[in-house]
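**Student:** The structure that follows is given in the form of C-alpha cells.
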Amino acid sequence: MIEVKDLLKAQELARSGVLFAPASFLKAEVEDLVKYCNGCGASDSWFRPPERIYGTLIVYACIIHDWGYTFGLSIDEKNEDDRIFHNNMNRLITLDSHKFYKPTYLQRRRALKYYLAVKHYGGEAYWAGKNKSA
C-alpha cells in the first residue's frame, strides 16, 4: 500500500519541475491520489516490481504513471504515459547519481526494462483503468 507522504512527494517533485506530470496530477486532491495511485505495478497483479532500482527510489515515477493510466483515453495517451514513466525514472536516477556508490548504467538499463514491460504488457492495466474513472 502506497503511503500518502509518497503521493504528496510525487506531486511536489512534479510541481517543482523535477518530474513531468499532467496538469491534472498537479491539481489533484489527496483523496484522488489515494484512490487512483498505488505505486509500482498494477494493483491487481501478482507481481509487484520493487520501488527502488539499485537504491534509487522510483515510486514517484510509478505514481505519476498510475495517474496517466487512470485518465488516459487512447493508445497514443498510453504510449505517452509510458514514455513519461521512462523519462521520470531517468530523472530520478540522475537526481540520485551524485552518490558515489550508485551504479547509474545498471539503473538506466533496469529503467529501460521497466519501460519496455509497461509498453508491451501494460495494456490490460491501462484499459482496465477506464472503468474506474467513468
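Identifiers for the C-alpha cells are assigned positionally: chains receive A, B, ... in sequence, residues are indexed from 1 per chain, and ligands are indexed from 1 in the order shown.
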Hey, what does DSSP flag as helix (DSSP H, G or I) within chain A? Can you give it to me as a ChimeraX atom specification?
**Tutor:** /A:4-15,23-27,30-36,59-71,75-96,104-121,123-133
**Student:** Could those residues be written to a file, using C-alpha atoms, as a compact mmCIF listing (two decimals), in the first residue's frame?
**Tutor:**
```txt
# COMPACT_ATOMS: atom_id res chain seq x y z
CA VAL A 4 0.18 9.48 1.46
CA LYS A 5 3.60 11.05 2.02
CA ASP A 6 4.85 9.34 -1.16
CA LEU A 7 1.87 10.62 -3.15
CA LEU A 8 2.48 14.16 -1.92
CA LYS A 9 6.21 13.89 -2.62
CA ALA A 10 5.48 12.82 -6.22
CA GLN A 11 3.20 15.81 -6.61
CA GLU A 12 5.83 18.12 -5.09
CA LEU A 13 8.54 16.79 -7.43
CA ALA A 14 6.24 17.35 -10.41
CA ARG A 15 5.24 20.84 -9.32
CA ALA A 23 -1.65 19.25 -15.23
CA SER A 24 -4.50 17.22 -13.72
CA PHE A 25 -1.99 15.39 -11.49
CA LEU A 26 -0.54 18.67 -10.26
CA LYS A 27 -4.02 19.89 -9.25
CA VAL A 30 -5.05 13.87 -1.85
CA GLU A 31 -8.22 11.77 -1.88
CA ASP A 32 -7.95 11.33 -5.65
CA LEU A 33 -4.26 10.45 -5.45
CA VAL A 34 -5.06 7.78 -2.86
CA LYS A 35 -7.92 6.44 -4.99
CA TYR A 36 -6.06 6.19 -8.30
CA VAL A 59 7.99 5.06 -6.77
CA TYR A 60 7.32 8.72 -7.65
CA ALA A 61 7.57 7.87 -11.36
CA CYS A 62 5.21 4.93 -10.74
CA ILE A 63 2.66 7.19 -9.03
CA ILE A 64 2.55 9.61 -11.96
CA HIS A 65 2.32 6.64 -14.34
CA ASP A 66 -0.69 5.33 -12.40
CA TRP A 67 -2.40 8.69 -12.79
CA GLY A 68 -1.85 8.67 -16.54
CA TYR A 69 -3.14 5.11 -16.83
CA THR A 70 -6.30 6.05 -14.95
CA PHE A 71 -7.21 9.09 -17.02
CA ILE A 75 -3.44 4.19 -27.22
CA ASP A 76 -1.49 7.36 -28.04
CA GLU A 77 -2.01 8.59 -24.48
CA LYS A 78 -0.91 5.20 -23.13
CA ASN A 79 2.27 5.39 -25.18
CA GLU A 80 2.89 8.92 -23.94
CA ASP A 81 2.31 7.83 -20.32
CA ASP A 82 4.83 5.04 -20.78
CA ARG A 83 7.43 7.45 -22.24
CA ILE A 84 6.85 9.87 -19.36
CA PHE A 85 7.36 6.98 -16.93
CA HIS A 86 10.71 6.15 -18.53
CA ASN A 87 11.77 9.78 -18.58
CA ASN A 88 10.80 10.26 -14.94
CA MET A 89 12.71 7.16 -13.83
CA ASN A 90 15.80 8.51 -15.60
CA ARG A 91 15.31 11.91 -13.98
CA LEU A 92 15.20 10.26 -10.56
CA ILE A 93 18.34 8.27 -11.36
CA THR A 94 20.12 11.46 -12.43
CA LEU A 95 18.95 13.26 -9.30
CA ASP A 96 20.33 10.45 -7.15
CA THR A 104 23.94 4.51 -12.83
CA TYR A 105 24.43 2.44 -16.00
CA LEU A 106 22.75 -0.58 -14.42
CA GLN A 107 19.95 1.64 -13.10
CA ARG A 108 19.26 3.03 -16.58
CA ARG A 109 19.22 -0.49 -18.04
CA ARG A 110 16.70 -1.57 -15.39
CA ALA A 111 14.60 1.55 -16.05
CA LEU A 112 14.57 0.63 -19.73
CA LYS A 113 13.39 -2.88 -18.84
CA TYR A 114 10.55 -1.45 -16.71
CA TYR A 115 9.58 0.89 -19.56
CA LEU A 116 9.57 -1.95 -22.10
CA ALA A 117 7.49 -4.07 -19.73
CA VAL A 118 4.73 -1.46 -19.41
CA LYS A 119 4.95 -0.62 -23.09
CA HIS A 120 4.41 -4.22 -24.17
CA TYR A 121 2.40 -5.68 -21.28
CA GLY A 123 -2.31 -2.61 -21.99
CA GLU A 124 -4.56 -4.69 -19.76
CA ALA A 125 -3.91 -2.42 -16.76
CA TYR A 126 -4.34 0.69 -18.92
CA TRP A 127 -7.70 -0.31 -20.35
CA ALA A 128 -8.95 -1.67 -17.01
CA GLY A 129 -8.49 1.82 -15.57
CA LYS A 130 -11.12 3.24 -17.90
CA ASN A 131 -13.87 1.64 -15.78
CA LYS A 132 -12.58 3.28 -12.58
CA SER A 133 -12.61 6.84 -13.92
```
